[in-house]
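Engineer: I am sharing input_19.pdb, which consists of PDB, C-alpha atoms:
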```pdb
ATOM      1  CA  MET A   1       0.000   0.000   0.000
ATOM      2  CA  ILE A   2       2.789   2.420   0.928
ATOM      3  CA  ASP A   3       4.527   1.592  -2.314
ATOM      4  CA  GLN A   4       1.351   2.366  -4.239
ATOM      5  CA  ILE A   5       1.087   5.757  -2.504
ATOM      6  CA  ARG A   6       4.704   6.504  -3.330
ATOM      7  CA  LEU A   7       4.205   5.478  -6.944
ATOM      8  CA  TYR A   8       1.041   7.570  -7.074
ATOM      9  CA  ASP A   9       2.866  10.616  -5.715
ATOM     10  CA  ARG A  10       5.634  10.186  -8.285
ATOM     11  CA  GLN A  11       3.142   9.826 -11.123
ATOM     12  CA  MET A  12       1.228  12.895  -9.990
ATOM     13  CA  THR A  13       4.414  14.958  -9.728
ATOM     14  CA  ARG A  14       5.298  13.982 -13.278
ATOM     15  CA  SER A  15       1.756  14.759 -14.370
ATOM     16  CA  ALA A  16       1.853  18.179 -12.730
ATOM     17  CA  PHE A  17       4.740  19.267 -14.955
ATOM     18  CA  GLN A  18       3.180  17.659 -18.009
ATOM     19  CA  SER A  19      -0.133  19.405 -17.405
ATOM     20  CA  LEU A  20       1.576  22.710 -16.599
ATOM     21  CA  PHE A  21       3.617  22.676 -19.782
ATOM     22  CA  TRP A  22       0.583  21.604 -21.808
ATOM     23  CA  VAL A  23      -1.333  24.621 -20.518
ATOM     24  CA  ILE A  24       1.543  26.974 -21.365
ATOM     25  CA  PHE A  25       2.137  25.360 -24.747
ATOM     26  CA  SER A  26      -1.580  25.655 -25.563
ATOM     27  CA  ALA A  27      -1.505  29.345 -24.659
ATOM     28  CA  ARG A  28       1.593  29.949 -26.786
ATOM     29  CA  LYS A  29       0.008  28.019 -29.637
ATOM     30  CA  ARG A  30      -3.059  30.227 -29.411
ATOM     31  CA  GLN A  31      -1.136  33.469 -28.963
ATOM     32  CA  GLU A  32       1.935  32.925 -31.088
ATOM     33  CA  LYS A  33       1.104  29.914 -33.283
ATOM     34  CA  LEU A  34       3.839  27.947 -31.533
ATOM     35  CA  THR A  35       4.107  24.394 -32.857
ATOM     36  CA  LYS A  36       5.621  21.273 -31.336
ATOM     37  CA  LYS A  37       8.255  21.391 -34.057
ATOM     38  CA  ALA A  38       9.151  24.982 -33.162
ATOM     39  CA  LEU A  39       9.324  24.083 -29.472
ATOM     40  CA  ALA A  40      11.537  21.115 -30.278
ATOM     41  CA  ASP A  41      13.799  23.382 -32.332
ATOM     42  CA  LYS A  42      14.103  25.812 -29.412
ATOM     43  CA  LEU A  43      15.118  22.898 -27.202
ATOM     44  CA  GLY A  44      17.490  21.493 -29.810
ATOM     45  CA  ILE A  45      15.735  18.132 -29.799
ATOM     46  CA  ASN A  46      13.572  15.975 -32.039
ATOM     47  CA  LYS A  47       9.874  16.766 -32.355
ATOM     48  CA  SER A  48       9.013  13.203 -31.286
ATOM     49  CA  PHE A  49      10.402  13.995 -27.818
ATOM     50  CA  VAL A  50       7.881  16.809 -27.444
ATOM     51  CA  THR A  51       5.046  14.647 -28.756
ATOM     52  CA  ARG A  52       5.919  11.815 -26.370
ATOM     53  CA  ALA A  53       6.199  14.250 -23.485
ATOM     54  CA  PHE A  54       2.585  15.250 -23.941
ATOM     55  CA  ASP A  55       1.400  11.662 -24.503
ATOM     56  CA  GLU A  56       2.594  10.153 -21.235
ATOM     57  CA  PRO A  57       3.722  11.858 -18.021
ATOM     58  CA  PRO A  58       7.514  11.777 -18.424
ATOM     59  CA  ASN A  59      10.160  11.422 -15.748
ATOM     60  CA  TRP A  60      12.045  14.572 -16.673
ATOM     61  CA  GLN A  61      15.314  15.611 -15.126
ATOM     62  CA  ILE A  62      15.253  18.996 -13.438
ATOM     63  CA  ASP A  63      17.554  20.337 -16.153
ATOM     64  CA  THR A  64      14.991  19.337 -18.774
ATOM     65  CA  ILE A  65      12.239  21.054 -16.831
ATOM     66  CA  SER A  66      14.387  24.176 -16.710
ATOM     67  CA  ASP A  67      15.082  24.002 -20.450
ATOM     68  CA  ILE A  68      11.402  23.580 -21.342
ATOM     69  CA  SER A  69      10.456  26.483 -19.062
ATOM     70  CA  ASP A  70      13.018  28.656 -20.806
ATOM     71  CA  ALA A  71      11.858  27.575 -24.253
ATOM     72  CA  LEU A  72       8.284  28.447 -23.323
ATOM     73  CA  GLY A  73       9.374  31.789 -21.887
ATOM     74  CA  VAL A  74       8.265  31.233 -18.309
ATOM     75  CA  ASP A  75       9.870  31.301 -14.883
ATOM     76  CA  LEU A  76       8.905  28.461 -12.596
ATOM     77  CA  VAL A  77       7.573  29.475  -9.189
ATOM     78  CA  ILE A  78       8.183  26.687  -6.720
ATOM     79  CA  GLU A  79       6.001  26.217  -3.671
ATOM     80  CA  ALA A  80       5.234  23.366  -1.310
ATOM     81  CA  ARG A  81       2.174  23.095   0.885
ATOM     82  CA  ASP A  82       2.251  21.345   4.244
ATOM     83  CA  ARG A  83      -0.389  18.616   4.091
ATOM     84  CA  ALA A  84      -1.376  19.029   7.728
ATOM     85  CA  THR A  85      -1.256  22.775   8.259
ATOM     86  CA  GLY A  86      -1.525  24.277   4.811
ATOM     87  CA  VAL A  87       1.610  26.354   5.443
ATOM     88  CA  ILE A  88       3.287  27.296   2.178
ATOM     89  CA  TYR A  89       7.041  26.805   1.843
ATOM     90  CA  THR A  90       8.992  28.631  -0.829
ATOM     91  CA  PRO A  91      12.721  28.739  -1.590
ATOM     92  CA  SER A  92      12.865  32.023   0.330
ATOM     93  CA  GLY A  93      10.920  30.997   3.397
ATOM     94  CA  GLU A  94       7.488  30.095   4.600
ATOM     95  CA  ARG A  95       4.178  31.876   4.791
ATOM     96  CA  LEU A  96       0.827  31.164   6.301
ATOM     97  CA  PRO A  97      -1.859  30.084   3.877
ATOM     98  CA  LEU A  98      -4.929  31.795   2.638
ATOM     99  CA  ILE A  99      -7.631  29.458   3.801
ATOM    100  CA  THR A 100     -11.319  28.950   3.286
ATOM    101  CA  SER A 101     -13.866  28.893   6.059
ATOM    102  CA  SER A 102     -14.153  25.121   5.703
ATOM    103  CA  SER A 103     -10.527  24.632   6.692
ATOM    104  CA  LEU A 104     -10.505  27.392   9.301
ATOM    105  CA  GLU A 105     -11.487  25.097  12.139
ATOM    106  CA  HIS A 106      -8.651  22.717  11.342
ATOM    107  CA  VAL A 107      -6.103  25.506  11.226
ATOM    108  CA  GLN A 108      -7.370  27.061  14.441
ATOM    109  CA  LYS A 109      -6.729  23.788  16.220
ATOM    110  CA  ILE A 110      -3.076  23.863  15.294
ATOM    111  CA  GLN A 111      -2.483  27.563  15.794
ATOM    112  CA  THR A 112      -1.431  29.000  19.144
ATOM    113  CA  GLY A 113      -3.456  31.473  21.172
ATOM    114  CA  SER A 114      -1.613  34.350  19.513
ATOM    115  CA  THR A 115      -3.458  33.739  16.265
ATOM    116  CA  ALA A 116      -5.498  36.581  14.832
ATOM    117  CA  VAL A 117      -8.148  36.104  12.165
ATOM    118  CA  THR A 118      -8.979  38.709   9.555
ATOM    119  CA  SER A 119     -10.897  38.692   6.315
ATOM    120  CA  THR A 120      -9.658  40.149   3.062
ATOM    121  CA  ASP A 121     -11.267  39.870  -0.351
ATOM    122  CA  GLY A 122     -13.659  37.249   0.831
ATOM    123  CA  SER A 123     -10.900  34.954   2.072
ATOM    124  CA  THR A 124     -10.136  34.279   5.670
ATOM    125  CA  VAL A 125      -6.542  34.912   6.615
ATOM    126  CA  VAL A 126      -4.913  33.417   9.637
ATOM    127  CA  ALA A 127      -1.893  35.319  10.822
ATOM    128  CA  ALA A 128       0.288  34.801  13.855
TER     129      ALA A 128
ATOM    130  CA  MET B   1     -24.807  21.729 -28.821
ATOM    131  CA  THR B   2     -25.348  20.810 -25.187
ATOM    132  CA  SER B   3     -28.475  19.338 -23.674
ATOM    133  CA  SER B   4     -28.785  20.456 -20.068
ATOM    134  CA  ALA B   5     -32.499  20.149 -19.311
ATOM    135  CA  THR B   6     -32.568  17.745 -16.392
ATOM    136  CA  LEU B   7     -28.990  16.989 -15.533
ATOM    137  CA  LEU B   8     -28.123  15.235 -12.311
ATOM    138  CA  ASP B   9     -25.923  16.933  -9.754
ATOM    139  CA  ARG B  10     -23.590  15.500  -7.127
ATOM    140  CA  ARG B  11     -26.130  15.724  -4.353
ATOM    141  CA  GLN B  12     -28.692  13.738  -6.318
ATOM    142  CA  LEU B  13     -26.126  11.143  -7.284
ATOM    143  CA  LYS B  14     -25.034  10.703  -3.681
ATOM    144  CA  LEU B  15     -28.642  10.387  -2.556
ATOM    145  CA  ALA B  16     -28.911   7.606  -5.134
ATOM    146  CA  GLY B  17     -26.072   5.782  -3.390
ATOM    147  CA  LEU B  18     -23.091   6.768  -5.480
ATOM    148  CA  VAL B  19     -19.870   7.716  -3.759
ATOM    149  CA  GLU B  20     -16.769   9.735  -4.540
ATOM    150  CA  HIS B  21     -13.645   7.667  -5.032
ATOM    151  CA  GLN B  22     -11.100   8.106  -2.263
ATOM    152  CA  LEU B  23      -7.705   8.507  -3.883
ATOM    153  CA  LEU B  24      -4.529   7.007  -2.468
ATOM    154  CA  ARG B  25      -3.636  10.558  -1.474
ATOM    155  CA  PRO B  26      -6.979  12.175  -0.604
ATOM    156  CA  LEU B  27      -7.607  15.478  -2.348
ATOM    157  CA  ALA B  28      -8.104  18.686  -0.440
ATOM    158  CA  GLU B  29     -11.427  20.252  -1.373
ATOM    159  CA  ARG B  30      -9.665  23.310  -2.741
ATOM    160  CA  ASP B  31      -7.694  21.137  -5.188
ATOM    161  CA  GLN B  32     -10.698  19.425  -6.703
ATOM    162  CA  LYS B  33     -11.912  20.728 -10.062
ATOM    163  CA  ARG B  34     -13.696  17.680 -11.433
ATOM    164  CA  TRP B  35     -15.545  14.808  -9.763
ATOM    165  CA  LEU B  36     -15.808  11.049 -10.206
ATOM    166  CA  LEU B  37     -18.739   9.273  -8.618
ATOM    167  CA  VAL B  38     -19.042   5.505  -8.710
ATOM    168  CA  THR B  39     -21.225   2.766  -7.306
ATOM    169  CA  LYS B  40     -20.325   1.435  -3.889
ATOM    170  CA  ASP B  41     -19.291  -1.887  -5.437
ATOM    171  CA  ILE B  42     -16.876  -0.157  -7.775
ATOM    172  CA  GLU B  43     -15.480   1.953  -4.941
ATOM    173  CA  THR B  44     -14.976  -1.194  -2.861
ATOM    174  CA  THR B  45     -12.949  -2.646  -5.711
ATOM    175  CA  ILE B  46     -10.811   0.320  -6.751
ATOM    176  CA  SER B  47     -10.097   1.415  -3.199
ATOM    177  CA  GLY B  48      -8.689  -2.055  -2.511
ATOM    178  CA  LYS B  49     -11.307  -3.110   0.008
ATOM    179  CA  GLY B  50     -12.502  -5.955  -2.199
ATOM    180  CA  ASP B  51     -10.755  -9.068  -3.477
ATOM    181  CA  PRO B  52      -6.988  -8.672  -2.907
ATOM    182  CA  ALA B  53      -6.347 -10.730  -6.032
ATOM    183  CA  LEU B  54      -7.546  -7.773  -8.121
ATOM    184  CA  GLN B  55      -4.474  -5.797  -6.933
ATOM    185  CA  PHE B  56      -6.283  -2.569  -6.125
ATOM    186  CA  PRO B  57      -5.625   0.096  -4.980
ATOM    187  CA  SER B  58      -3.440   0.920  -7.916
ATOM    188  CA  PHE B  59      -1.314   3.975  -8.561
ATOM    189  CA  ASP B  60      -2.004   3.545 -12.280
ATOM    190  CA  ALA B  61      -5.757   3.831 -11.849
ATOM    191  CA  ASP B  62      -5.592   6.501  -9.189
ATOM    192  CA  ALA B  63      -3.195   8.649 -11.203
ATOM    193  CA  VAL B  64      -5.727   8.841 -14.039
ATOM    194  CA  ILE B  65      -8.509   9.627 -11.581
ATOM    195  CA  GLY B  66      -6.243  12.051  -9.718
ATOM    196  CA  ARG B  67      -5.383  13.996 -12.868
ATOM    197  CA  PHE B  68      -9.039  14.125 -13.784
ATOM    198  CA  CYS B  69     -10.168  15.293 -10.334
ATOM    199  CA  LYS B  70      -7.398  17.885  -9.988
ATOM    200  CA  GLY B  71      -8.358  19.441 -13.283
ATOM    201  CA  TRP B  72      -5.076  18.495 -14.914
ATOM    202  CA  ILE B  73      -4.674  17.330 -18.471
ATOM    203  CA  VAL B  74      -6.612  14.254 -19.559
ATOM    204  CA  SER B  75      -6.653  12.805 -23.050
ATOM    205  CA  ILE B  76      -9.688  11.750 -25.080
ATOM    206  CA  THR B  77     -10.192   9.607 -28.158
ATOM    207  CA  ARG B  78     -13.112   8.373 -30.215
ATOM    208  CA  GLU B  79     -11.044   5.780 -32.052
ATOM    209  CA  PRO B  80     -11.677   2.149 -31.064
ATOM    210  CA  GLU B  81      -7.931   1.478 -31.062
ATOM    211  CA  GLY B  82      -6.997   4.890 -29.694
ATOM    212  CA  LYS B  83      -5.051   5.155 -26.445
ATOM    213  CA  ALA B  84      -6.234   7.863 -24.079
ATOM    214  CA  ASP B  85      -7.564   8.437 -20.580
ATOM    215  CA  PHE B  86     -11.125   8.640 -21.904
ATOM    216  CA  LYS B  87     -12.769   6.984 -24.854
ATOM    217  CA  LYS B  88     -16.078   8.251 -26.218
ATOM    218  CA  LEU B  89     -17.892   5.489 -28.039
ATOM    219  CA  GLN B  90     -19.314   6.810 -31.289
ATOM    220  CA  ALA B  91     -21.984   4.175 -31.845
ATOM    221  CA  HIS B  92     -23.712   4.861 -28.525
ATOM    222  CA  ASP B  93     -25.682   7.632 -26.895
ATOM    223  CA  GLU B  94     -23.096   9.143 -24.570
ATOM    224  CA  ALA B  95     -21.102   6.099 -23.558
ATOM    225  CA  TRP B  96     -17.688   6.910 -22.154
ATOM    226  CA  VAL B  97     -14.892   4.736 -20.834
ATOM    227  CA  MET B  98     -12.190   5.776 -18.407
ATOM    228  CA  ASN B  99      -9.071   3.701 -19.082
ATOM    229  CA  PHE B 100      -6.688   2.414 -16.423
ATOM    230  CA  ARG B 101      -3.454   0.809 -17.567
ATOM    231  CA  GLY B 102      -3.148  -0.994 -14.262
ATOM    232  CA  PRO B 103      -3.406  -2.972 -12.135
ATOM    233  CA  ALA B 104      -2.429  -6.038 -14.127
ATOM    234  CA  GLU B 105      -3.653  -5.913 -17.723
ATOM    235  CA  GLY B 106      -5.714  -2.768 -17.183
ATOM    236  CA  TRP B 107      -9.330  -1.920 -16.382
ATOM    237  CA  ARG B 108     -12.176  -0.085 -18.069
ATOM    238  CA  LEU B 109     -14.677   2.094 -16.205
ATOM    239  CA  PHE B 110     -17.841   2.591 -18.259
ATOM    240  CA  GLY B 111     -19.947   5.612 -17.502
ATOM    241  CA  ARG B 112     -21.413   8.921 -18.565
ATOM    242  CA  PHE B 113     -21.012  12.572 -17.739
ATOM    243  CA  ALA B 114     -23.908  13.712 -15.558
ATOM    244  CA  ARG B 115     -22.811  17.296 -16.194
ATOM    245  CA  LYS B 116     -19.610  19.157 -16.953
ATOM    246  CA  ASN B 117     -16.699  17.821 -14.886
ATOM    247  CA  LEU B 118     -18.884  15.181 -13.225
ATOM    248  CA  PHE B 119     -18.238  11.642 -14.469
ATOM    249  CA  VAL B 120     -20.409   8.780 -13.233
ATOM    250  CA  GLY B 121     -18.810   5.340 -13.375
ATOM    251  CA  LEU B 122     -21.357   2.526 -13.393
ATOM    252  CA  ALA B 123     -19.473  -0.550 -14.609
ATOM    253  CA  LEU B 124     -15.876  -1.646 -14.065
ATOM    254  CA  TRP B 125     -14.384  -4.431 -16.139
ATOM    255  CA  PRO B 126     -10.932  -5.914 -16.585
ATOM    256  CA  ARG B 127      -9.585  -5.005 -20.006
ATOM    257  CA  GLY B 128      -9.485  -8.673 -20.947
ATOM    258  CA  ASP B 129     -13.221  -8.980 -20.336
ATOM    259  CA  CYS B 130     -13.936  -6.224 -22.864
ATOM    260  CA  VAL B 131     -12.672  -8.011 -25.965
ATOM    261  CA  PRO B 132     -13.454  -8.453 -28.750
ATOM    262  CA  TRP B 133     -14.886  -5.065 -29.740
ATOM    263  CA  SER B 134     -18.422  -6.505 -29.833
ATOM    264  CA  VAL B 135     -18.142  -7.338 -26.124
ATOM    265  CA  TYR B 136     -16.810  -3.837 -25.435
ATOM    266  CA  GLN B 137     -19.924  -2.477 -27.137
ATOM    267  CA  GLN B 138     -22.146  -4.788 -25.070
ATOM    268  CA  ARG B 139     -20.587  -3.440 -21.881
ATOM    269  CA  ALA B 140     -21.418   0.080 -23.037
ATOM    270  CA  THR B 141     -25.004  -0.876 -23.860
ATOM    271  CA  ALA B 142     -25.410  -2.496 -20.448
ATOM    272  CA  MET B 143     -24.065   0.636 -18.756
ATOM    273  CA  ILE B 144     -26.595   2.795 -20.601
ATOM    274  CA  SER B 145     -29.379   0.420 -19.553
ATOM    275  CA  ASP B 146     -28.157   0.599 -15.977
ATOM    276  CA  TRP B 147     -28.286   4.410 -16.128
ATOM    277  CA  GLY B 148     -31.838   4.235 -17.481
ATOM    278  CA  GLY B 149     -32.851   1.903 -14.667
ATOM    279  CA  ARG B 150     -31.499   4.310 -12.058
ATOM    280  CA  TRP B 151     -32.510   7.707 -13.395
ATOM    281  CA  THR B 152     -34.846   9.291 -15.883
ATOM    282  CA  ASN B 153     -32.424  12.193 -16.184
ATOM    283  CA  ASP B 154     -30.461  12.604 -19.379
ATOM    284  CA  PRO B 155     -26.696  12.408 -19.405
ATOM    285  CA  LEU B 156     -24.794  15.431 -20.629
ATOM    286  CA  ARG B 157     -24.904  15.367 -24.403
ATOM    287  CA  SER B 158     -22.585  17.284 -26.700
ATOM    288  CA  ASN B 159     -20.229  16.934 -29.632
ATOM    289  CA  ASN B 160     -17.740  19.306 -28.027
ATOM    290  CA  TYR B 161     -15.277  17.914 -25.484
ATOM    291  CA  GLY B 162     -15.120  21.332 -23.870
ATOM    292  CA  ASP B 163     -18.705  20.865 -22.751
ATOM    293  CA  PHE B 164     -17.683  17.795 -20.743
ATOM    294  CA  LEU B 165     -14.321  18.848 -19.374
ATOM    295  CA  SER B 166     -12.838  22.113 -18.220
ATOM    296  CA  ASP B 167      -9.407  22.838 -19.695
ATOM    297  CA  PRO B 168      -6.898  21.330 -20.085
ATOM    298  CA  TRP B 169      -7.757  18.305 -22.182
ATOM    299  CA  ASP B 170      -6.106  16.730 -25.195
ATOM    300  CA  ASP B 171      -8.073  15.494 -28.189
ATOM    301  CA  ARG B 172      -5.833  12.666 -29.337
ATOM    302  CA  ASP B 173      -7.671  12.357 -32.626
ATOM    303  CA  ALA B 174      -6.939  15.950 -33.607
ATOM    304  CA  LYS B 175      -3.279  15.235 -34.347
TER     305      LYS B 175
END
```
If you took the structure in this file and wrote it as structure tokens, what would it be?
Structural biologist:
Amino acid sequence: MIDQIRLYDRQMTRSAFQSLFWVIFSARKRQEKLTKKALADKLGINKSFVTRAFDEPPNWQIDTISDISDALGVDLVIEARDRATGVIYTPSGERLPLITSSSLEHVQKIQTGSTAVTSTDGSTVVAA
Amino acid sequence: MTSSATLLDRRQLKLAGLVEHQLLRPLAERDQKRWLLVTKDIETTISGKGDPALQFPSFDADAVIGRFCKGWIVSITREPEGKADFKKLQAHDEAWVMNFRGPAEGWRLFGRFARKNLFVGLALWPRGDCVPWSVYQQRATAMISDWGGRWTNDPLRSNNYGDFLSDPWDDRDAK
């Protein structure tokens, strides 16, 4: 069971990049008539690599992810969300999450008594 | 053109006994963009609470469902031999199949879209029990009959994939 969860997590991480790049590629195709061949040329690779990449979630190296991001003209923004608390971790530190009312109770349980709750733009913000 | 006269919603489907599949890594509500509802028997099987010999739960099956539910890219084909996450059967009135490459030889979940981003799985078969193509078609016909026995409501009907799925999706036949 644990192995299946690990394999699932790996597959979903691969799929996240595949789906992300598909969304960007689709936008570029719409905006700039970008083709898979043109993207492959920017990457200095064969078009079949690009086609395969969108057919099955690939196990890309980080360097490949960086190259594709560059070829598509985007900067990757990396974040991680704590499964238990919702805290967001970024390469430059951590921040408390914007949360919905449905998850407020859960977060309140794990926050200390110094927690203050405010609402902005319809979202509930929990701040220490 | 979309028919949306008397479409079922999640609440109605749950009242009728259908359940949401619990993924290997449960989804936070905020991450869910699309929904899969299945019969309790199917959920028992794919969640691994049924016969252990069937080798569920499976990361292969759950990754397809996970991508669908998170609103990530899913692929669609109408071709009988086409390989994609979803197959729409042309000879039937809104018969869809969600394809799992695993466990084992693969599985096929026959169902229909109750409305946009809401897929209802009513019949789960091992891939090997869906051949030849005539048997595959029989499974689809049986699923449609099952739907008709449960509800008088129409399924979502359209010729445009965008009416069934929010972006992103990949029409494999368009290449």
Engineer: At a cut-off of 9 Å from (5.3, 7.1, -16.6) in the coordinates of the file, what residues are picked up using only C-alpha atoms, written as a ChimeraX atom specification?
Structural biologist: /A:10-11,14-15,56-59
Engineer: What do you get, as an MDAnalysis selection string, if you spell out every residue that the PyMOL selection byres ((chain A) within 6 of (chain B)) selects here?
Structural biologist: chainID A and resid 4:5 7:8 19
Engineer: To one decimal place in Å, what is the distance between atom CA of Ala123 of chain B and atom CA of Pro80 of chain B?
Structural biologist: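 Interatomic distance, atom CA of Ala123 of chain B to atom CA of Pro80 of chain B: 18.4 Å.
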Engineer: Can you tell me, as a list in words, which residues sit within 12 Å of (-21.6, 18.0, -28.3) in the file's frame, using all atoms listed in the file?
Structural biologist: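 Result, sorted by chain then residue number: Met1, Thr2, Ser3, Ser4, Lys88, Gln90, Asp93, Glu94, Phe113, Lys116, Pro155, Leu156, Arg157, Ser158, Asn159, Asn160, Tyr161, Gly162, Asp163, Phe164 and Leu165 of chain B.
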Engineer: Quick one: distance from atom CA of Thr64 of chain A to atom CA of Gly93 of chain A in Å, one decimal?
Structural biologist: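 Computing it gives 25.4 Å between the two atoms.
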Engineer: With distances taken over all atoms listed in the file, which of A:Asn46, A:Ile62, A:Lys33, A:Met12 is nearest to Leu76 of chain A?
Structural biologist: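 Between A:Asn46, A:Ile62, A:Lys33, A:Met12, the residue approaching Leu76 of chain A most closely is A:Ile62.
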Engineer: Report the centre and edge lengths, in Å to one decimal, of an axis-aligned box enclosing every atom of segment 77-85 of chain B listed in the file, padded by 8 Å on each side, as lines of an AutoDock Vina configuration file.
Structural biologist:
```
center_x = -9.1
center_y = 5.5
center_z = -26.3
size_x = 24.1
size_y = 24.1
size_z = 27.5
```
Engineer: Counting all atoms listed in the file, which of B:Gln55, B:Glu79, B:Arg115, B:Lys87 gets nearest to Trp35 of chain B?
Structural biologist: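 Going through B:Gln55, B:Glu79, B:Arg115, B:Lys87 one by one, the smallest distance to Trp35 of chain B is for B:Arg115.
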Engineer: So which one's closest to Ala71 of chain A, A:Asp41, A:Asp3, A:Glu94, A:Asp9? Using all atoms listed in the file, please.
Structural biologist: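 Of all the options, A:Asp41 lies closest to Ala71 of chain A.
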Engineer: Can you pull out the residues contacting Glu43 of chain B? Cut-off 9 Å, using only C-alpha atoms, and skip same-chain residues under 6 positions away; I want them as an MDAnalysis selection string.
Structural biologist: chainID B and resid 19:22 37 49:50
Engineer: Mind writing the picked residues with C-alpha atoms as a compact mmCIF listing (two decimals), in the coordinates of the input?
Structural biologist:
```txt
# COMPACT_ATOMS: atom_id res chain seq x y z
CA VAL B 19 -19.87 7.72 -3.76
CA GLU B 20 -16.77 9.74 -4.54
CA HIS B 21 -13.64 7.67 -5.03
CA GLN B 22 -11.10 8.11 -2.26
CA LEU B 37 -18.74 9.27 -8.62
CA LYS B 49 -11.31 -3.11 0.01
CA GLY B 50 -12.50 -5.96 -2.20
```
Engineer: Might you spell out which residues the PyMOL selection byres ((chain B and resi 131-146) around 9) would select in the displayed file, as a count of residues only?
Structural biologist: 25
Engineer: I need the residue set behind the PyMOL selection byres ((chain A and resi 79) around 8) for this file; please write it as a list in words.
Structural biologist: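 Taken on the displayed file, the PyMOL selection byres ((chain A and resi 79) around 8) yields the residues Val77, Ile78, Ala80, Arg81, Ile88, Tyr89, Thr90 and Pro91 of chain A.
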Engineer: Separation of atom CA of Asp70 of chain A and atom CA of Ser92 of chain A, in Å?
Structural biologist: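 Taking atom CA of Asp70 of chain A and atom CA of Ser92 of chain A, their separation equals 21.4 Å.
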Engineer: Considering only C-alpha atoms, return as a list in words whatever protein or nucleic-acid residues lie within 9 Å of Ala114 of chain B, sequence-local ones (same chain, fewer than 3 positions apart) excluded.
Structural biologist: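 Those residues are Leu7, Leu8, Asp9, Arg10, Leu13, Asn117, Leu118, Phe119, Val120, Asn153, Asp154, Pro155 and Leu156 of chain B.
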Engineer: Just checking: using all atoms listed in the file, which residue out of B:Ile76, B:Ala174, B:Leu18, B:Met98 ends up closest to Thr44 of chain B?
Structural biologist: B:Leu18
Engineer: From the set A:Phe54, A:Ser26, A:Leu43, A:Trp60, which residue has the shortest atom-to-atom contact distance to Thr13 of chain A, counting all atoms listed in the file?
Structural biologist: A:Trp60
Engineer: Keeping just N, CA and C atoms, export segment 61-76 of chain A of this structure as a CSV table (one decimal), in the first residue's frame.
Structural biologist:
```
chain,number,residue,atom,x,y,z
A,61,GLN,N,14.3,15.1,-16.0
A,61,GLN,CA,15.3,15.6,-15.1
A,61,GLN,C,15.0,17.1,-14.9
A,62,ILE,N,15.5,17.6,-13.8
A,62,ILE,CA,15.3,19.0,-13.4
A,62,ILE,C,15.8,19.9,-14.5
A,63,ASP,N,17.0,19.5,-15.1
A,63,ASP,CA,17.6,20.3,-16.2
A,63,ASP,C,16.6,20.4,-17.4
A,64,THR,N,15.9,19.3,-17.7
A,64,THR,CA,15.0,19.3,-18.8
A,64,THR,C,13.8,20.2,-18.5
A,65,ILE,N,13.3,20.2,-17.2
A,65,ILE,CA,12.2,21.1,-16.8
A,65,ILE,C,12.7,22.5,-17.0
A,66,SER,N,13.9,22.8,-16.6
A,66,SER,CA,14.4,24.2,-16.7
A,66,SER,C,14.5,24.6,-18.2
A,67,ASP,N,14.9,23.7,-19.0
A,67,ASP,CA,15.1,24.0,-20.5
A,67,ASP,C,13.7,24.3,-21.1
A,68,ILE,N,12.7,23.4,-20.8
A,68,ILE,CA,11.4,23.6,-21.3
A,68,ILE,C,10.8,24.9,-20.9
A,69,SER,N,11.0,25.2,-19.6
A,69,SER,CA,10.5,26.5,-19.1
A,69,SER,C,11.0,27.7,-19.8
A,70,ASP,N,12.3,27.6,-20.1
A,70,ASP,CA,13.0,28.7,-20.8
A,70,ASP,C,12.5,28.7,-22.2
A,71,ALA,N,12.3,27.6,-22.9
A,71,ALA,CA,11.9,27.6,-24.3
A,71,ALA,C,10.4,28.1,-24.4
A,72,LEU,N,9.7,27.9,-23.3
A,72,LEU,CA,8.3,28.4,-23.3
A,72,LEU,C,8.2,29.9,-22.8
A,73,GLY,N,9.3,30.4,-22.3
A,73,GLY,CA,9.4,31.8,-21.9
A,73,GLY,C,8.7,32.0,-20.6
A,74,VAL,N,8.9,31.1,-19.6
A,74,VAL,CA,8.3,31.2,-18.3
A,74,VAL,C,9.3,31.0,-17.2
A,75,ASP,N,9.1,31.6,-16.1
A,75,ASP,CA,9.9,31.3,-14.9
A,75,ASP,C,9.0,30.4,-14.0
A,76,LEU,N,9.6,29.3,-13.5
A,76,LEU,CA,8.9,28.5,-12.6
A,76,LEU,C,8.9,29.1,-11.2
```
